[in-house]
Amino acid sequence: MIRSLAAAIFLVTVCWCCCYAQERKLIVPANAAKPVGPYSPGILTGNYLYVSGQGVRDANGSMPNGIEAQTRQCLDNVKAIIEAAGLTMAHIVHMQLYLEKMSDFEVVDQVYATYFPQAPPARILVGVAKMPTDTTVEMTAVAVRDPSSKKVLALTNLKPIGHASSAVAVGDRVYLSGVYGKTMTAANGNLQKVLRQTNLGGSQVVFRNEYATTMPSMIPVNELPQDMQAAISVITVRRANRRDRTKNSSDVCKADAETLFCSVQAGAASGEKSVEGQVRFVMKKLQAGLEKHGASLSNVTASNVYLDDIKEFKLMNEPYASFFQNFPPTRTTVQPFPPAADRSRNDPALVRISVIAVK
């Protein structure tokens with residue numbers, strides 16, 4: 001009897017853990033800005049909430065006048081999704097902030113600070129050429145369901161730009177603010193200094209996207225703050241306790257327990273001349289990377305899409321949507337750099353995509 005009872009309890013526990021690990025809840029706030037493409041406003045899975053990039057238009061599609069009001073509307077759009085999931089802005093651990101004009105940053109940051117009076121999230125700041133619906137500001141958020149697992153880190157080797165924390169740790173995972181440099185070599189050097197700090201000693205980078213104002217680059221961007229020419233967005237895991245399932249350093253995707261981080265993949269290598277063909281090529285490459293870790297595109301919870309020309313937004317959406325059978329992941333889409341003048345030159349990347357998946 002005791003053995004049978006113990007076996008039953010064990011079976012129930014295993015089933016509960018499996019269901020929890022696979023939990024994937026769609027978050028759609030009422031009376032908020034509607035998605036303009038095949039993506040979900042928010043997805044709550046495990047201990048994290050992923051929020052799609054939010055622009056400056058309200059639920060009626062109207063854009064307020066002036067950058068201050070536009071920033072407030074953008075943050076209110078983020079807040080609506082956060083609160084629809086039962087969380088608060090204080091639960092946010094990382095933000096991506098995209099600006100059409102870097103000269104707007106001071107005003108944007110002043111408004112931003114009012115939404116995070118204490119312990120602001122880590123943040124990467126990038127200036128881009130265009131965003132969907134002619135938005136001037138776009139923000140993407142990652143929030144943690146259990147705030148007791150969140151810890152703000154003050155790193156002397158990483159001074160954030162504006163109202164942001166150097167880094168935010170959630171358990172063993174650490175979200176860094178953007179690491180910048182006058183060159184990519186300098187940015188890499190600055191990142192190594194950060195990783196050598198005591199709190200991150202022996203860390204492993206599981207996610208890394210590189211931005212630069214010159215081409216070619218992993219992600220060419222229009223502008224970076226403080227006249228910087230290179231930036232690195234990083235998520236790292238402290239080695240002492242990590243449960244990494246990464247196969248090798250060249251993998252498209254790297255793992256932190258059940259979460260897979262797949263770095264940006266470009267469509268240029270496909271030889272395709274159309275954005276549709278390059279989207280299919282990149283998505284299949286990401287799919288293969290996920291399958292090496294026992295996952296699939298159905299596990300994707302968040303994606304970043306970097307388009308060569310925002311005018312091809314609709315052309316990108318159709319093949320992209322075909323890879324997701326149920327509700328699609330959250331997504332942030334921007335045109336990071338002015339379009340290549342000659343698309344036949346060196347098979348330029350018409351699209352670049354990175355994803356995060358949770359098994």
# chains A, B, ... in the order shown; residues from 1 in each chain; ligands from 1

call {"tool": "closest_atom_pairs", "arguments": {"of": "region 108-225 of chain A", "to": "region 231-239 of chain A", "cutoff": "10 Å", "atoms": "only C-alpha atoms", "output": "CSV"}}
result
residue,atom,partner,partner_atom,distance
A:Arg123,CA,A:Ser233,CA,8.8
A:Ile124,CA,A:Ser233,CA,6.5
A:Leu125,CA,A:Ala231,CA,8.9
A:Val126,CA,A:Ala231,CA,8.4
A:Ala167,CA,A:Ile235,CA,9.5
A:Val168,CA,A:Ile235,CA,9.9
A:Ala169,CA,A:Val237,CA,9.1
A:Val170,CA,A:Val237,CA,9.7
A:Gly171,CA,A:Val237,CA,9.0
A:Asp172,CA,A:Arg238,CA,5.4
A:Arg173,CA,A:Val237,CA,4.5
A:Val174,CA,A:Thr236,CA,5.2
A:Tyr175,CA,A:Ile235,CA,4.8
A:Leu176,CA,A:Val234,CA,5.7
A:Ser177,CA,A:Ser233,CA,7.0
A:Gly178,CA,A:Ser233,CA,5.2
A:Val179,CA,A:Ile232,CA,5.1
A:Tyr180,CA,A:Ala231,CA,4.3
A:Gly181,CA,A:Ala231,CA,6.4
A:Lys182,CA,A:Ala231,CA,8.8
A:Thr183,CA,A:Ala231,CA,8.5
A:Met184,CA,A:Ala231,CA,7.2
A:Ala186,CA,A:Ala231,CA,9.5
A:Ala187,CA,A:Ala231,CA,6.3
A:Asn188,CA,A:Ile232,CA,7.8
A:Asn190,CA,A:Ile232,CA,9.8
A:Leu191,CA,A:Ile232,CA,8.1
A:Leu195,CA,A:Thr236,CA,8.9
A:Asn199,CA,A:Arg238,CA,8.5
A:Leu200,CA,A:Arg238,CA,6.2
A:Gly201,CA,A:Arg238,CA,7.4
A:Gly202,CA,A:Arg239,CA,5.8
A:Ser203,CA,A:Arg238,CA,4.4
A:Gln204,CA,A:Val237,CA,5.3
A:Val205,CA,A:Thr236,CA,4.2
A:Val206,CA,A:Thr236,CA,5.4
A:Phe207,CA,A:Ile235,CA,5.0
A:Arg208,CA,A:Val234,CA,4.7
A:Asn209,CA,A:Ser233,CA,5.2
A:Glu210,CA,A:Ile232,CA,4.6
A:Tyr211,CA,A:Ala231,CA,5.1
A:Ala212,CA,A:Ala231,CA,6.3
A:Thr213,CA,A:Ala231,CA,9.2
A:Ile219,CA,A:Ala231,CA,9.8
A:Val221,CA,A:Ala231,CA,9.8
A:Leu224,CA,A:Ala231,CA,7.7
A:Pro225,CA,A:Ala231,CA,9.5

call {"tool": "write_last_selection", "arguments": {"atoms": "C-alpha atoms", "output": "PDB file, in the first residue's frame"}}
result
ATOM      1  CA  ARG A 123      18.220  47.749 -20.928  1.00  0.00           C
ATOM      2  CA  ILE A 124      19.729  47.850 -24.416  1.00  0.00           C
ATOM      3  CA  LEU A 125      19.292  51.119 -26.339  1.00  0.00           C
ATOM      4  CA  VAL A 126      19.488  51.177 -30.146  1.00  0.00           C
ATOM      5  CA  ALA A 167      22.322  43.878 -14.725  1.00  0.00           C
ATOM      6  CA  VAL A 168      19.423  41.941 -13.268  1.00  0.00           C
ATOM      7  CA  ALA A 169      19.783  38.349 -12.084  1.00  0.00           C
ATOM      8  CA  VAL A 170      16.921  35.872 -11.941  1.00  0.00           C
ATOM      9  CA  GLY A 171      18.287  32.821 -10.214  1.00  0.00           C
ATOM     10  CA  ASP A 172      21.362  31.814 -12.217  1.00  0.00           C
ATOM     11  CA  ARG A 173      20.384  33.799 -15.315  1.00  0.00           C
ATOM     12  CA  VAL A 174      21.749  37.335 -15.687  1.00  0.00           C
ATOM     13  CA  TYR A 175      20.356  39.983 -18.049  1.00  0.00           C
ATOM     14  CA  LEU A 176      23.000  42.614 -18.830  1.00  0.00           C
ATOM     15  CA  SER A 177      22.379  46.146 -19.988  1.00  0.00           C
ATOM     16  CA  GLY A 178      23.844  46.946 -23.395  1.00  0.00           C
ATOM     17  CA  VAL A 179      27.641  46.788 -23.549  1.00  0.00           C
ATOM     18  CA  TYR A 180      28.980  49.518 -25.871  1.00  0.00           C
ATOM     19  CA  GLY A 181      32.253  50.514 -27.498  1.00  0.00           C
ATOM     20  CA  LYS A 182      33.729  52.765 -30.173  1.00  0.00           C
ATOM     21  CA  THR A 183      34.507  49.551 -32.088  1.00  0.00           C
ATOM     22  CA  MET A 184      33.290  45.963 -31.792  1.00  0.00           C
ATOM     23  CA  ALA A 186      36.334  47.634 -27.730  1.00  0.00           C
ATOM     24  CA  ALA A 187      32.796  46.435 -26.932  1.00  0.00           C
ATOM     25  CA  ASN A 188      34.064  42.864 -26.671  1.00  0.00           C
ATOM     26  CA  ASN A 190      34.288  45.810 -22.157  1.00  0.00           C
ATOM     27  CA  LEU A 191      32.124  42.691 -22.055  1.00  0.00           C
ATOM     28  CA  LEU A 195      32.172  38.850 -17.098  1.00  0.00           C
ATOM     29  CA  ASN A 199      29.334  38.266  -9.382  1.00  0.00           C
ATOM     30  CA  LEU A 200      29.712  36.829 -12.883  1.00  0.00           C
ATOM     31  CA  GLY A 201      32.925  34.881 -12.492  1.00  0.00           C
ATOM     32  CA  GLY A 202      33.072  31.900 -14.853  1.00  0.00           C
ATOM     33  CA  SER A 203      29.802  32.833 -16.538  1.00  0.00           C
ATOM     34  CA  GLN A 204      28.673  31.503 -19.881  1.00  0.00           C
ATOM     35  CA  VAL A 205      26.941  33.640 -22.466  1.00  0.00           C
ATOM     36  CA  VAL A 206      23.770  31.938 -23.717  1.00  0.00           C
ATOM     37  CA  PHE A 207      22.491  34.816 -25.840  1.00  0.00           C
ATOM     38  CA  ARG A 208      24.463  37.440 -27.732  1.00  0.00           C
ATOM     39  CA  ASN A 209      23.323  39.857 -30.444  1.00  0.00           C
ATOM     40  CA  GLU A 210      25.809  42.358 -31.899  1.00  0.00           C
ATOM     41  CA  TYR A 211      24.848  45.776 -33.273  1.00  0.00           C
ATOM     42  CA  ALA A 212      27.102  48.168 -35.194  1.00  0.00           C
ATOM     43  CA  THR A 213      26.657  51.395 -37.138  1.00  0.00           C
ATOM     44  CA  ILE A 219      22.853  43.629 -37.042  1.00  0.00           C
ATOM     45  CA  VAL A 221      21.893  49.837 -36.938  1.00  0.00           C
ATOM     46  CA  LEU A 224      23.915  54.108 -31.017  1.00  0.00           C
ATOM     47  CA  PRO A 225      24.017  56.330 -27.916  1.00  0.00           C
TER      48      PRO A 225
END

call {"tool": "closest_atom_pairs", "arguments": {"of": "region 56-76 of chain A", "to": "region 101-107 of chain A", "cutoff": "9 Å", "atoms": "only C-alpha atoms", "output": "tab-separated table"}}
result
residue	atom	partner	partner_atom	distance
A:Ile67	CA	A:Asp104	CA	7.2
A:Glu68	CA	A:Val107	CA	6.3
A:Thr71	CA	A:Val107	CA	8.6

call {"tool": "write_last_selection", "arguments": {"atoms": "C-alpha atoms", "output": "compact mmCIF listing (two decimals), in the first residue's frame"}}
result
# COMPACT_ATOMS: atom_id res chain seq x y z
CA ILE A 67 7.77 62.50 -28.14
CA GLU A 68 6.88 62.79 -24.44
CA THR A 71 6.77 57.56 -24.96

call {"tool": "atom_distance", "arguments": {"atom1": "CA of Thr330 (chain A)", "atom2": "CA of Val282 (chain A)"}}
result
17.4 Å

call {"tool": "closest_residue", "arguments": {"among": "A:Tyr320, A:Tyr98, A:Tyr306, A:Phe313", "to": "Gln54 (chain A)", "atoms": "only C-alpha atoms"}}
result
A:Tyr98

call {"tool": "closest_residue", "arguments": {"among": "A:Gln229, A:Met131, A:Thr136, A:Met89", "to": "Val36 (chain A)", "atoms": "only C-alpha atoms"}}
result
A:Met131

call {"tool": "residues_around", "arguments": {"residues": "Arg331 (chain A)", "least_positions_apart": "4", "cutoff": "10 Å", "atoms": "only C-alpha atoms", "output": "list in words"}}
result
Pro35, Gly37, Pro38, Tyr39, Ser40, Pro41, Gly42, Tyr50, Val51, Ser52, Gly53, Gln54, Thr140, Thr301, Ala302, Ser303, Asn304, Val305, Ser354 and Val355 of chain A

call {"tool": "write_last_selection", "arguments": {"atoms": "N, CA and C atoms", "output": "compact mmCIF listing (two decimals), in the first residue's frame"}}
result
# COMPACT_ATOMS: atom_id res chain seq x y z
N PRO A 35 -2.21 43.90 -32.16
CA PRO A 35 -1.07 43.48 -32.99
C PRO A 35 -1.28 43.86 -34.45
N GLY A 37 0.55 42.37 -36.85
CA GLY A 37 1.13 41.26 -37.59
C GLY A 37 0.87 39.95 -36.87
N PRO A 38 1.40 38.83 -37.37
CA PRO A 38 1.19 37.53 -36.75
C PRO A 38 2.08 37.33 -35.52
N TYR A 39 1.69 37.96 -34.43
CA TYR A 39 2.42 37.79 -33.17
C TYR A 39 1.44 37.96 -32.02
N SER A 40 1.81 37.44 -30.85
CA SER A 40 0.98 37.54 -29.66
C SER A 40 1.44 38.73 -28.82
N PRO A 41 0.53 39.46 -28.18
CA PRO A 41 0.95 40.58 -27.33
C PRO A 41 1.88 40.14 -26.21
N GLY A 42 1.51 39.05 -25.52
CA GLY A 42 2.33 38.54 -24.44
C GLY A 42 2.19 37.04 -24.32
N TYR A 50 6.93 37.19 -21.63
CA TYR A 50 7.57 37.83 -22.77
C TYR A 50 6.56 38.76 -23.42
N VAL A 51 6.97 40.01 -23.67
CA VAL A 51 6.08 41.04 -24.20
C VAL A 51 6.56 41.47 -25.58
N SER A 52 5.65 41.48 -26.55
CA SER A 52 5.99 41.94 -27.89
C SER A 52 6.37 43.41 -27.89
N GLY A 53 7.16 43.80 -28.89
CA GLY A 53 7.53 45.20 -29.04
C GLY A 53 6.28 46.07 -29.17
N GLN A 54 6.21 47.10 -28.34
CA GLN A 54 5.06 48.00 -28.33
C GLN A 54 5.45 49.37 -28.87
N THR A 140 10.39 46.49 -25.92
CA THR A 140 10.14 45.07 -25.69
C THR A 140 10.51 44.77 -24.24
N THR A 301 8.75 31.39 -27.88
CA THR A 301 7.91 32.33 -27.13
C THR A 301 8.17 33.79 -27.52
N ALA A 302 9.34 34.06 -28.09
CA ALA A 302 9.67 35.44 -28.46
C ALA A 302 10.61 35.45 -29.65
N SER A 303 10.48 36.47 -30.49
CA SER A 303 11.38 36.61 -31.63
C SER A 303 11.66 38.08 -31.89
N ASN A 304 12.82 38.33 -32.48
CA ASN A 304 13.18 39.66 -32.98
C ASN A 304 13.40 39.55 -34.48
N VAL A 305 12.72 40.38 -35.24
CA VAL A 305 12.86 40.39 -36.70
C VAL A 305 13.44 41.73 -37.13
N SER A 354 16.16 36.40 -34.59
CA SER A 354 16.61 35.64 -33.42
C SER A 354 15.37 35.23 -32.63
N VAL A 355 15.46 34.11 -31.89
CA VAL A 355 14.29 33.62 -31.14
C VAL A 355 14.70 33.11 -29.76

call {"tool": "atom_distance", "arguments": {"atom1": "CA of His91 (chain A)", "atom2": "CA of Ala113 (chain A)"}}
result
14.9 Å

call {"tool": "select_by_dssp", "arguments": {"residues": "region 122-280 of chain A", "states": "strand (DSSP E or B)", "output": "ChimeraX atom specification"}}
result
/A:122-127,130,137-144,150-153,167-170,173-176,179-181,204-212,219-220,223,230-237,253-256,259-266

call {"tool": "write_last_selection", "arguments": {"atoms": "C-alpha atoms", "output": "PDB file, in the first residue's frame"}}
result
ATOM      1  CA  ALA A 122      18.544  46.150 -17.482  1.00  0.00           C
ATOM      2  CA  ARG A 123      18.220  47.749 -20.928  1.00  0.00           C
ATOM      3  CA  ILE A 124      19.729  47.850 -24.416  1.00  0.00           C
ATOM      4  CA  LEU A 125      19.292  51.119 -26.339  1.00  0.00           C
ATOM      5  CA  VAL A 126      19.488  51.177 -30.146  1.00  0.00           C
ATOM      6  CA  GLY A 127      18.698  53.779 -32.802  1.00  0.00           C
ATOM      7  CA  LYS A 130      12.156  52.707 -39.237  1.00  0.00           C
ATOM      8  CA  VAL A 137       9.598  54.555 -30.028  1.00  0.00           C
ATOM      9  CA  GLU A 138       9.340  50.800 -29.559  1.00  0.00           C
ATOM     10  CA  MET A 139       9.929  48.785 -26.393  1.00  0.00           C
ATOM     11  CA  THR A 140      10.141  45.073 -25.685  1.00  0.00           C
ATOM     12  CA  ALA A 141      10.003  43.621 -22.164  1.00  0.00           C
ATOM     13  CA  VAL A 142      10.811  40.441 -20.272  1.00  0.00           C
ATOM     14  CA  ALA A 143       9.240  40.122 -16.817  1.00  0.00           C
ATOM     15  CA  VAL A 144       9.599  37.536 -14.083  1.00  0.00           C
ATOM     16  CA  LYS A 150      14.919  38.997  -9.082  1.00  0.00           C
ATOM     17  CA  LYS A 151      18.117  40.698  -7.909  1.00  0.00           C
ATOM     18  CA  VAL A 152      19.568  43.947  -9.260  1.00  0.00           C
ATOM     19  CA  LEU A 153      23.356  43.819  -9.722  1.00  0.00           C
ATOM     20  CA  ALA A 167      22.322  43.878 -14.725  1.00  0.00           C
ATOM     21  CA  VAL A 168      19.423  41.941 -13.268  1.00  0.00           C
ATOM     22  CA  ALA A 169      19.783  38.349 -12.084  1.00  0.00           C
ATOM     23  CA  VAL A 170      16.921  35.872 -11.941  1.00  0.00           C
ATOM     24  CA  ARG A 173      20.384  33.799 -15.315  1.00  0.00           C
ATOM     25  CA  VAL A 174      21.749  37.335 -15.687  1.00  0.00           C
ATOM     26  CA  TYR A 175      20.356  39.983 -18.049  1.00  0.00           C
ATOM     27  CA  LEU A 176      23.000  42.614 -18.830  1.00  0.00           C
ATOM     28  CA  VAL A 179      27.641  46.788 -23.549  1.00  0.00           C
ATOM     29  CA  TYR A 180      28.980  49.518 -25.871  1.00  0.00           C
ATOM     30  CA  GLY A 181      32.253  50.514 -27.498  1.00  0.00           C
ATOM     31  CA  GLN A 204      28.673  31.503 -19.881  1.00  0.00           C
ATOM     32  CA  VAL A 205      26.941  33.640 -22.466  1.00  0.00           C
ATOM     33  CA  VAL A 206      23.770  31.938 -23.717  1.00  0.00           C
ATOM     34  CA  PHE A 207      22.491  34.816 -25.840  1.00  0.00           C
ATOM     35  CA  ARG A 208      24.463  37.440 -27.732  1.00  0.00           C
ATOM     36  CA  ASN A 209      23.323  39.857 -30.444  1.00  0.00           C
ATOM     37  CA  GLU A 210      25.809  42.358 -31.899  1.00  0.00           C
ATOM     38  CA  TYR A 211      24.848  45.776 -33.273  1.00  0.00           C
ATOM     39  CA  ALA A 212      27.102  48.168 -35.194  1.00  0.00           C
ATOM     40  CA  ILE A 219      22.853  43.629 -37.042  1.00  0.00           C
ATOM     41  CA  PRO A 220      23.670  46.972 -38.705  1.00  0.00           C
ATOM     42  CA  GLU A 223      22.669  54.966 -34.505  1.00  0.00           C
ATOM     43  CA  ALA A 230      29.119  48.979 -31.513  1.00  0.00           C
ATOM     44  CA  ALA A 231      26.883  47.357 -28.906  1.00  0.00           C
ATOM     45  CA  ILE A 232      26.334  43.846 -27.554  1.00  0.00           C
ATOM     46  CA  SER A 233      23.121  42.544 -25.985  1.00  0.00           C
ATOM     47  CA  VAL A 234      23.912  39.665 -23.633  1.00  0.00           C
ATOM     48  CA  ILE A 235      22.180  37.116 -21.419  1.00  0.00           C
ATOM     49  CA  THR A 236      24.529  34.992 -19.355  1.00  0.00           C
ATOM     50  CA  VAL A 237      24.285  32.091 -16.906  1.00  0.00           C
ATOM     51  CA  CYS A 253      20.899  27.829 -30.008  1.00  0.00           C
ATOM     52  CA  LYS A 254      22.250  27.653 -26.461  1.00  0.00           C
ATOM     53  CA  ALA A 255      20.362  26.414 -23.429  1.00  0.00           C
ATOM     54  CA  ASP A 256      19.699  27.517 -19.889  1.00  0.00           C
ATOM     55  CA  THR A 259      14.984  27.829 -22.198  1.00  0.00           C
ATOM     56  CA  LEU A 260      16.763  28.020 -25.549  1.00  0.00           C
ATOM     57  CA  PHE A 261      18.334  31.240 -26.821  1.00  0.00           C
ATOM     58  CA  CYS A 262      18.954  31.300 -30.570  1.00  0.00           C
ATOM     59  CA  SER A 263      21.173  34.140 -31.781  1.00  0.00           C
ATOM     60  CA  VAL A 264      20.330  36.167 -34.858  1.00  0.00           C
ATOM     61  CA  GLN A 265      20.482  34.361 -38.204  1.00  0.00           C
ATOM     62  CA  ALA A 266      20.727  36.247 -41.496  1.00  0.00           C
TER      63      ALA A 266
END

call {"tool": "closest_residue", "arguments": {"among": "A:Gln278, A:Ser149, A:Asn157, A:Asn326", "to": "Val93 (chain A)", "atoms": "only C-alpha atoms"}}
result
A:Ser149

call {"tool": "select_by_dssp", "arguments": {"residues": "region 29-163 of chain A", "states": "alpha helix (DSSP H)", "output": "number ranges by chain"}}
result
A: 67-84, 105-115

call {"tool": "residues_around", "arguments": {"residues": "Asp76 (chain A)", "least_positions_apart": "3", "cutoff": "10 Å", "atoms": "only C-alpha atoms", "output": "ChimeraX atom specification"}}
result
/A:32-33,54-56,58,70-73,79-82,115

call {"tool": "residues_around", "arguments": {"residues": "Ala295 (chain A)", "least_positions_apart": "2", "cutoff": "10 Å", "atoms": "only C-alpha atoms", "output": "MDAnalysis selection string"}}
result
chainID A and resid 258:260 287:293 297:300 357:359

call {"tool": "closest_residue", "arguments": {"among": "A:Ile356, A:Leu286, A:Cys74, A:Ala84", "to": "Ile27 (chain A)", "atoms": "only C-alpha atoms"}}
result
A:Ala84

call {"tool": "decode", "arguments": {"residues": "region 99-129 of chain A", "atoms": "N, CA and C atoms", "output": "mmCIF file, in the first residue's frame"}}
result
data_model
loop_
_atom_site.group_PDB
_atom_site.id
_atom_site.type_symbol
_atom_site.label_atom_id
_atom_site.label_comp_id
_atom_site.auth_asym_id
_atom_site.auth_seq_id
_atom_site.Cartn_x
_atom_site.Cartn_y
_atom_site.Cartn_z
ATOM 1 N N LEU A 99 14.764 53.598 -30.773
ATOM 2 C CA LEU A 99 14.398 54.975 -31.071
ATOM 3 C C LEU A 99 14.639 55.286 -32.537
ATOM 4 N N GLU A 100 13.707 56.034 -33.134
ATOM 5 C CA GLU A 100 13.927 56.498 -34.505
ATOM 6 C C GLU A 100 14.944 57.643 -34.520
ATOM 7 N N LYS A 101 14.943 58.456 -33.450
ATOM 8 C CA LYS A 101 15.886 59.567 -33.338
ATOM 9 C C LYS A 101 16.582 59.494 -31.974
ATOM 10 N N MET A 102 17.887 59.270 -31.987
ATOM 11 C CA MET A 102 18.618 59.186 -30.730
ATOM 12 C C MET A 102 18.584 60.512 -29.983
ATOM 13 N N SER A 103 18.354 61.603 -30.709
ATOM 14 C CA SER A 103 18.267 62.922 -30.073
ATOM 15 C C SER A 103 17.056 63.021 -29.142
ATOM 16 N N ASP A 104 16.092 62.107 -29.271
ATOM 17 C CA ASP A 104 14.912 62.094 -28.395
ATOM 18 C C ASP A 104 15.185 61.393 -27.061
ATOM 19 N N PHE A 105 16.357 60.797 -26.918
ATOM 20 C CA PHE A 105 16.590 59.906 -25.782
ATOM 21 C C PHE A 105 16.404 60.592 -24.435
ATOM 22 N N GLU A 106 16.879 61.809 -24.269
ATOM 23 C CA GLU A 106 16.794 62.470 -22.966
ATOM 24 C C GLU A 106 15.346 62.586 -22.500
ATOM 25 N N VAL A 107 14.468 63.013 -23.397
ATOM 26 C CA VAL A 107 13.048 63.130 -23.041
ATOM 27 C C VAL A 107 12.446 61.756 -22.804
ATOM 28 N N VAL A 108 12.749 60.804 -23.682
ATOM 29 C CA VAL A 108 12.234 59.442 -23.545
ATOM 30 C C VAL A 108 12.654 58.852 -22.198
ATOM 31 N N ASP A 109 13.904 59.050 -21.821
ATOM 32 C CA ASP A 109 14.418 58.471 -20.581
ATOM 33 C C ASP A 109 13.775 59.108 -19.356
ATOM 34 N N GLN A 110 13.468 60.384 -19.423
ATOM 35 C CA GLN A 110 12.811 61.052 -18.297
ATOM 36 C C GLN A 110 11.419 60.472 -18.061
ATOM 37 N N VAL A 111 10.678 60.245 -19.132
ATOM 38 C CA VAL A 111 9.356 59.622 -19.000
ATOM 39 C C VAL A 111 9.505 58.182 -18.522
ATOM 40 N N TYR A 112 10.433 57.472 -19.117
ATOM 41 C CA TYR A 112 10.706 56.072 -18.770
ATOM 42 C C TYR A 112 10.967 55.921 -17.273
ATOM 43 N N ALA A 113 11.741 56.843 -16.698
ATOM 44 C CA ALA A 113 12.121 56.754 -15.284
ATOM 45 C C ALA A 113 10.915 56.824 -14.362
ATOM 46 N N THR A 114 9.845 57.504 -14.786
ATOM 47 C CA THR A 114 8.665 57.607 -13.926
ATOM 48 C C THR A 114 7.924 56.272 -13.805
ATOM 49 N N TYR A 115 8.153 55.359 -14.748
ATOM 50 C CA TYR A 115 7.518 54.035 -14.693
ATOM 51 C C TYR A 115 8.348 53.036 -13.891
ATOM 52 N N PHE A 116 9.585 53.400 -13.608
ATOM 53 C CA PHE A 116 10.480 52.527 -12.834
ATOM 54 C C PHE A 116 11.192 53.355 -11.768
ATOM 55 N N PRO A 117 10.448 53.799 -10.728
ATOM 56 C CA PRO A 117 11.052 54.672 -9.715
ATOM 57 C C PRO A 117 12.178 54.004 -8.932
ATOM 58 N N GLN A 118 12.146 52.681 -8.835
ATOM 59 C CA GLN A 118 13.179 51.948 -8.106
ATOM 60 C C GLN A 118 13.601 50.715 -8.900
ATOM 61 N N ALA A 119 14.882 50.365 -8.748
ATOM 62 C CA ALA A 119 15.418 49.128 -9.338
ATOM 63 C C ALA A 119 14.945 48.924 -10.774
ATOM 64 N N PRO A 120 15.302 49.823 -11.698
ATOM 65 C CA PRO A 120 14.866 49.668 -13.097
ATOM 66 C C PRO A 120 15.465 48.420 -13.729
ATOM 67 N N PRO A 121 14.843 47.921 -14.791
ATOM 68 C CA PRO A 121 15.395 46.731 -15.463
ATOM 69 C C PRO A 121 16.687 47.045 -16.202
ATOM 70 N N ALA A 122 17.424 45.997 -16.557
ATOM 71 C CA ALA A 122 18.544 46.150 -17.482
ATOM 72 C C ALA A 122 17.967 46.550 -18.834
ATOM 73 N N ARG A 123 18.793 47.225 -19.686
ATOM 74 C CA ARG A 123 18.220 47.749 -20.928
ATOM 75 C C ARG A 123 19.283 47.902 -22.016
ATOM 76 N N ILE A 124 18.907 47.581 -23.237
ATOM 77 C CA ILE A 124 19.729 47.850 -24.416
ATOM 78 C C ILE A 124 19.042 48.973 -25.193
ATOM 79 N N LEU A 125 19.812 49.957 -25.625
ATOM 80 C CA LEU A 125 19.292 51.119 -26.339
ATOM 81 C C LEU A 125 19.904 51.162 -27.731
ATOM 82 N N VAL A 126 19.034 51.213 -28.758
ATOM 83 C CA VAL A 126 19.488 51.177 -30.146
ATOM 84 C C VAL A 126 18.687 52.184 -30.973
ATOM 85 N N GLY A 127 19.364 52.882 -31.874
ATOM 86 C CA GLY A 127 18.698 53.779 -32.802
ATOM 87 C C GLY A 127 18.498 53.084 -34.139
ATOM 88 N N VAL A 128 17.259 53.058 -34.639
ATOM 89 C CA VAL A 128 16.945 52.340 -35.876
ATOM 90 C C VAL A 128 16.387 53.301 -36.921
ATOM 91 N N ALA A 129 16.300 52.813 -38.155
ATOM 92 C CA ALA A 129 15.856 53.664 -39.266
ATOM 93 C C ALA A 129 14.344 53.811 -39.315
#
